[in-house]
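Comments concern the structure below.
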Amino acid sequence: MGGATGPITKVISERRSIRRHWRIAETIFMVVLDILLTLLACYGAYRLRFKTLLHNPMLEGLKFQIFGYYTGAAPDNNQQFSSYMPLWAGVIAGLIIIFAVRRLYHIRLTGNSFRQAWLIITSTTIGMAFLITYFFFFQNNNQYDPDTLIPNSRLLIPFIWFTTIIVLIAGRLAVAGVMGLLYRMGLGETRVLVVGSGRLGKMVMQCLAASPNLGFSVVGFLHDMTEPPGDFGRFKMLGTIDDIGMVIRSMQVDEVIIALPSHLNNHAIRSVRLCERLGASFKLIPDLYELNLSRIDMESIEGIPLLGIRQASLNTPQRVITRTIDIVLSTLGLIIGSPLYLCIALAIAFTSPGPIIYRQERVGLNGTPFKMFKFRSMYKDADQRLAQLLSQNEAQGPIFKMREDPRVTSVGRFLRRTSLDEIPQLLNVLRGEMSLVGPRPPLPREVAQYEEWQKGRLAIKPGCSGLWQVRGRSNISFDEGVLMDIYYIENWSLRLYIQILLRTIPAILFSRGAY
């Protein structure tokens, strides 16, 4: 372990030292930024309370209409912004302490934005509750008193609460956007090694690669001997789990994610100890039926943890909501885009003989066959010519893909690049055979070649778009894409459904993996 590894170990130590200092600087920066943003929010609340409300003719007129008389504006009585400096200082100090206690500064800036926003909202509400308590017990009138430490203005509290939440959340989003951009450029990224080549490890790599704004760069994975060795799509196998020490040193790994099956717990413990000895940070993912932790319910009895697994199947309200969205959006899409579809139909008819709409048998929910509609993008004898091209297949698994498929027409090439050939599938959605979001419907000959675990993607209605499509389409290997489909099925939520719908738009505009 000595000799040649000495310089490498020194480089790794220096890299980790820089990262520790970076995290400290990041925390200090966020604290200072929160102080400045909270002060800005207080100024906004002051302006709303003492400038907008007190000197607004429209509000005074509204008061007269409601109460029948003018309430009048209280004199300023030296109520300048500086007069409330003790209040501003108390609000800022209180919020920073609450944020620190609730570990807001431990959350990754480019991580879960919803969680950060929720912590800001709840923490600010707690802080305002303390402020309301102070005014209630120690300043029970709303008149200006120069002898009090904090000038009286109970109406100022809701304005502080509102402006603080808005300004701090906006500030966090802005910082997350800038940091995400820097991470995408490769600045400050975290080099991650995944230990485990099973389904759990593969899902971890997919999730990290699909969110480059988080700043994680997957250098590769270590084979855990439960499956045949080899690369997984775009992810490289760097060795076996026995090579973890060598790989951490040679690849300058910053963080190790251990995703091993339960029967390899001894190897997981050994990996943890090696990470501790080498100074690499690590995360352990429990092998709980290889489910996403969002599906796990946890409660405790006298300190004993009890884990339960939530059912992932859609219940009746969820089915009604998604079906309603499918029908409404499909109908709007067909009506609004009808002039464009007419132009596409004419272009197809005038450039090559054959039907405008191509009907092809596909496999749907629970293996039920149905006819899927598409704008024809190939010559009418394309199916007969397929056998001649099988040797030139560029895709892995049972699917067939060619970047320069000679069966595709000139108009069809444009339609495929822009995904306009998929538009008639909105009719399949209206008929209930497909959904807007779900696994893409496979051909019967593809399903016949599926392994047993791959048939899990047939457990839900096929979709016009899906997780596989918005993360790269043809640029992703078949096994990797199937895992994404199964992940969507097992972790279905209305939020994920809508996220995929929204991410479909940029995926189409930038033609990622479309050919």
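In the structure tokens, each chain is lettered A, B, ... as it comes, each chain's residues begin at 1, and ligands are numbered from 1 in order of appearance.
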* Asked: Do you know which residues are at most 8 Å from segment 199-212 of chain A counting only C-alpha atoms, after dropping those on the same chain fewer than 2 positions away, and could you put them as JSON, numbers by chain?
  -> {"A": [180, 183, 184, 194, 195, 196, 197, 214, 215, 216, 217, 218, 232, 235, 258, 259, 260, 287, 290, 471, 480, 483, 484, 487]}
* Asked: So which residues of segment 177-412 of chain A fall under strand (DSSP E) by DSSP, listed as number ranges by chain?
  -> A: 190-195, 216-223, 237-240, 255-258, 281-284, 296-301, 304-309, 357-363, 369-375
* **Nearest to Ile18 of chain A by atom-to-atom distance, counting only C-alpha atoms, from A:Glu394, A:Thr190, A:Gly364, A:Ser493** => A:Thr190
For segment 404-408 of chain A, find every residue with an atom within 6 Å (counting only C-alpha atoms), except residues of its own chain fewer than 2 positions away, and show them as a compact mmCIF listing (two decimals) with N, CA, C and O atoms, in the first residue's frame.
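Contents of the output file result_32.txt:
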```txt
# COMPACT_ATOMS: atom_id res chain seq x y z
N SER A 377 -43.77 7.17 -40.89
CA SER A 377 -42.47 7.78 -41.10
C SER A 377 -41.56 6.90 -41.96
O SER A 377 -40.43 7.28 -42.24
N MET A 378 -42.05 5.74 -42.39
CA MET A 378 -41.26 4.81 -43.21
C MET A 378 -42.00 4.50 -44.51
O MET A 378 -43.19 4.80 -44.66
N TYR A 379 -41.26 3.91 -45.44
CA TYR A 379 -41.88 3.43 -46.67
C TYR A 379 -42.82 2.27 -46.34
O TYR A 379 -42.64 1.58 -45.33
N ALA A 382 -41.65 -1.29 -45.16
CA ALA A 382 -40.63 -1.28 -44.11
C ALA A 382 -40.61 -2.57 -43.30
O ALA A 382 -39.55 -3.09 -42.96
N MET A 402 -31.71 1.92 -35.57
CA MET A 402 -30.62 2.33 -36.48
C MET A 402 -30.67 3.83 -36.65
O MET A 402 -31.73 4.40 -36.90
N GLY A 412 -40.36 11.50 -42.81
CA GLY A 412 -40.36 10.71 -41.59
C GLY A 412 -39.17 11.01 -40.70
O GLY A 412 -39.28 10.98 -39.47
```
* Structure fact -> Atom pair atom CA of Gly94 of chain A + atom CA of Phe81 of chain A, distance 19.1 Å
* Quick one: distance from atom CA of Leu222 of chain A to atom CA of His263 of chain A in Å, one decimal? ->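 Separation between atom CA of Leu222 of chain A and atom CA of His263 of chain A: 16.3 Å.
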* In segment 335-454 of chain A, what's helix (DSSP H, G or I) per DSSP? Answer as JSON, numbers by chain? -> {"A": [335, 336, 338, 339, 340, 341, 342, 343, 344, 345, 346, 347, 348, 349, 350, 351, 365, 366, 367, 382, 383, 384, 385, 386, 387, 388, 389, 390, 391, 392, 410, 411, 412, 413, 414, 415, 416, 417, 418, 420, 421, 422, 425, 426, 427, 428, 429, 430, 444, 445, 446, 447, 452, 453, 454]}
* Asked: Can you tell me, as an MDAnalysis selection string, what residues are no more than 9 Å from Ile35 of chain A when counting only C-alpha atoms, ignoring any on the same chain fewer than 2 positions away?
  -> chainID A and resid 30:33 37:40 92:93 95:96
* Which residue gives the smallest distance to Thr164 of chain A among A:Asp479, A:Asp254, A:Asp224, A:Asp34, with only C-alpha atoms counted? -> A:Asp34
* **Who sits within 12 Å of Ala448 of chain A, only C-alpha atoms, same chain under 2 positions skipped, as a list of chain:residue names** =>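 My reading of the contact set: A:Val363, A:Gly367, A:Gly397, A:Pro398, A:Ile399, A:Pro442, A:Leu443, A:Pro444, A:Arg445, A:Glu446, A:Tyr450, A:Glu451, A:Glu452, A:Gln454, A:Lys455.
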* **Asp381 of chain A environment, 12 Å, only C-alpha atoms, sequence neighbours closer than 5 positions dropped, as a PyMOL selection string** => chain A and resi 352-355+358+376+386-387+406-409
* What's the 12 Å shell around Gly230 of chain A, counting only C-alpha atoms, without same-chain residues fewer than 3 positions away, as a list in words? -> Ser197, Gly198, Gly220, Phe221, Leu222, His223, Asp224, Met225, Thr226, Glu227, Gly233, Arg234, Phe235, Lys236, Met237, Leu238, Gly239 and Thr240 of chain A
Please, could you write that set of residues out with all heavy atoms as a short mmCIF file (atom, residue, chain, number, x, y, z; two decimals), in the first residue's frame?
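Final file, part.cif:
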```cif
data_model
loop_
_atom_site.label_atom_id
_atom_site.label_comp_id
_atom_site.auth_asym_id
_atom_site.auth_seq_id
_atom_site.Cartn_x
_atom_site.Cartn_y
_atom_site.Cartn_z
N SER A 197 -23.65 -3.87 -8.20
CA SER A 197 -24.06 -3.90 -9.61
C SER A 197 -25.47 -4.45 -9.78
O SER A 197 -25.91 -4.71 -10.90
CB SER A 197 -23.09 -4.76 -10.42
OG SER A 197 -23.02 -6.08 -9.88
N GLY A 198 -26.20 -4.64 -8.66
CA GLY A 198 -27.57 -5.13 -8.73
C GLY A 198 -28.53 -4.02 -9.10
O GLY A 198 -28.15 -2.91 -9.45
N GLY A 220 -18.04 5.32 -11.82
CA GLY A 220 -18.25 3.92 -12.20
C GLY A 220 -18.81 3.15 -11.03
O GLY A 220 -19.22 3.72 -10.01
N PHE A 221 -18.81 1.82 -11.17
CA PHE A 221 -19.34 0.98 -10.10
C PHE A 221 -18.47 -0.27 -9.93
O PHE A 221 -17.68 -0.61 -10.82
CB PHE A 221 -20.79 0.58 -10.40
CG PHE A 221 -20.96 -0.34 -11.59
CD1 PHE A 221 -21.02 -1.73 -11.42
CD2 PHE A 221 -21.05 0.17 -12.88
CE1 PHE A 221 -21.17 -2.57 -12.51
CE2 PHE A 221 -21.20 -0.66 -13.98
CZ PHE A 221 -21.26 -2.04 -13.80
N LEU A 222 -18.66 -0.93 -8.80
CA LEU A 222 -17.94 -2.17 -8.51
C LEU A 222 -18.91 -3.34 -8.57
O LEU A 222 -20.01 -3.29 -8.01
CB LEU A 222 -17.29 -2.11 -7.13
CG LEU A 222 -16.22 -1.03 -6.94
CD1 LEU A 222 -15.65 -1.09 -5.53
CD2 LEU A 222 -15.10 -1.18 -7.97
N HIS A 223 -18.49 -4.39 -9.25
CA HIS A 223 -19.32 -5.57 -9.45
C HIS A 223 -19.45 -6.35 -8.13
O HIS A 223 -18.47 -6.55 -7.42
CB HIS A 223 -18.66 -6.45 -10.52
CG HIS A 223 -19.37 -7.73 -10.80
ND1 HIS A 223 -20.70 -7.79 -11.14
CD2 HIS A 223 -18.92 -9.01 -10.79
CE1 HIS A 223 -21.04 -9.05 -11.32
NE2 HIS A 223 -19.99 -9.81 -11.11
N ASP A 224 -20.71 -6.76 -7.80
CA ASP A 224 -20.91 -7.46 -6.52
C ASP A 224 -21.12 -8.96 -6.67
O ASP A 224 -21.58 -9.63 -5.75
CB ASP A 224 -22.09 -6.85 -5.76
CG ASP A 224 -23.40 -6.95 -6.54
OD1 ASP A 224 -23.49 -7.75 -7.48
OD2 ASP A 224 -24.35 -6.22 -6.20
N MET A 225 -20.85 -9.48 -7.85
CA MET A 225 -20.84 -10.93 -8.10
C MET A 225 -22.23 -11.59 -8.06
O MET A 225 -22.34 -12.79 -8.01
CB MET A 225 -19.92 -11.65 -7.10
CG MET A 225 -18.47 -11.22 -7.22
SD MET A 225 -17.41 -11.88 -5.91
CE MET A 225 -17.96 -10.93 -4.50
N THR A 226 -23.29 -10.77 -8.08
CA THR A 226 -24.62 -11.36 -8.13
C THR A 226 -25.12 -11.47 -9.57
O THR A 226 -26.13 -12.12 -9.83
CB THR A 226 -25.62 -10.51 -7.33
OG1 THR A 226 -25.63 -9.17 -7.86
CG2 THR A 226 -25.23 -10.47 -5.86
N GLU A 227 -24.44 -10.79 -10.51
CA GLU A 227 -24.82 -10.82 -11.92
C GLU A 227 -23.56 -10.97 -12.76
O GLU A 227 -22.44 -10.76 -12.27
CB GLU A 227 -25.56 -9.52 -12.30
CG GLU A 227 -26.90 -9.35 -11.61
CD GLU A 227 -27.61 -8.09 -12.07
OE1 GLU A 227 -27.07 -7.42 -12.99
OE2 GLU A 227 -28.69 -7.79 -11.55
N GLY A 233 -24.62 0.01 -19.56
CA GLY A 233 -24.88 1.18 -20.41
C GLY A 233 -23.72 2.15 -20.38
O GLY A 233 -22.57 1.80 -20.68
N ARG A 234 -23.99 3.38 -19.97
CA ARG A 234 -22.96 4.43 -19.94
C ARG A 234 -22.07 4.35 -18.71
O ARG A 234 -21.10 5.10 -18.59
CB ARG A 234 -23.66 5.79 -19.98
CG ARG A 234 -24.72 5.93 -18.91
CD ARG A 234 -25.63 7.10 -19.17
NE ARG A 234 -26.91 6.89 -18.51
CZ ARG A 234 -27.72 7.86 -18.14
NH1 ARG A 234 -27.41 9.11 -18.36
NH2 ARG A 234 -28.88 7.59 -17.57
N PHE A 235 -22.39 3.47 -17.75
CA PHE A 235 -21.63 3.36 -16.51
C PHE A 235 -20.62 2.23 -16.61
O PHE A 235 -20.96 1.11 -17.01
CB PHE A 235 -22.58 3.12 -15.33
CG PHE A 235 -23.66 4.16 -15.22
CD1 PHE A 235 -24.98 3.85 -15.54
CD2 PHE A 235 -23.36 5.45 -14.82
CE1 PHE A 235 -25.97 4.79 -15.46
CE2 PHE A 235 -24.36 6.41 -14.73
CZ PHE A 235 -25.67 6.09 -15.06
N LYS A 236 -19.38 2.51 -16.23
CA LYS A 236 -18.27 1.57 -16.39
C LYS A 236 -18.05 0.74 -15.13
O LYS A 236 -18.09 1.27 -14.02
CB LYS A 236 -16.98 2.32 -16.74
CG LYS A 236 -17.07 3.16 -18.00
CD LYS A 236 -17.38 2.31 -19.22
CE LYS A 236 -17.46 3.15 -20.49
NZ LYS A 236 -17.84 2.32 -21.66
N MET A 237 -17.81 -0.56 -15.33
CA MET A 237 -17.44 -1.42 -14.22
C MET A 237 -15.94 -1.25 -13.97
O MET A 237 -15.13 -1.44 -14.88
CB MET A 237 -17.76 -2.88 -14.53
CG MET A 237 -17.56 -3.81 -13.34
SD MET A 237 -17.76 -5.56 -13.76
CE MET A 237 -16.18 -5.86 -14.56
N LEU A 238 -15.57 -0.89 -12.74
CA LEU A 238 -14.17 -0.59 -12.41
C LEU A 238 -13.49 -1.73 -11.66
O LEU A 238 -12.32 -1.62 -11.30
CB LEU A 238 -14.11 0.68 -11.56
CG LEU A 238 -14.72 1.94 -12.21
CD1 LEU A 238 -14.65 3.11 -11.25
CD2 LEU A 238 -14.02 2.27 -13.52
N GLY A 239 -14.21 -2.82 -11.43
CA GLY A 239 -13.64 -3.96 -10.72
C GLY A 239 -14.70 -4.62 -9.87
O GLY A 239 -15.90 -4.40 -10.05
N THR A 240 -14.26 -5.43 -8.94
CA THR A 240 -15.18 -6.09 -8.01
C THR A 240 -15.15 -5.36 -6.67
O THR A 240 -14.33 -4.46 -6.46
CB THR A 240 -14.79 -7.57 -7.81
OG1 THR A 240 -13.53 -7.62 -7.11
CG2 THR A 240 -14.66 -8.29 -9.15
#
```
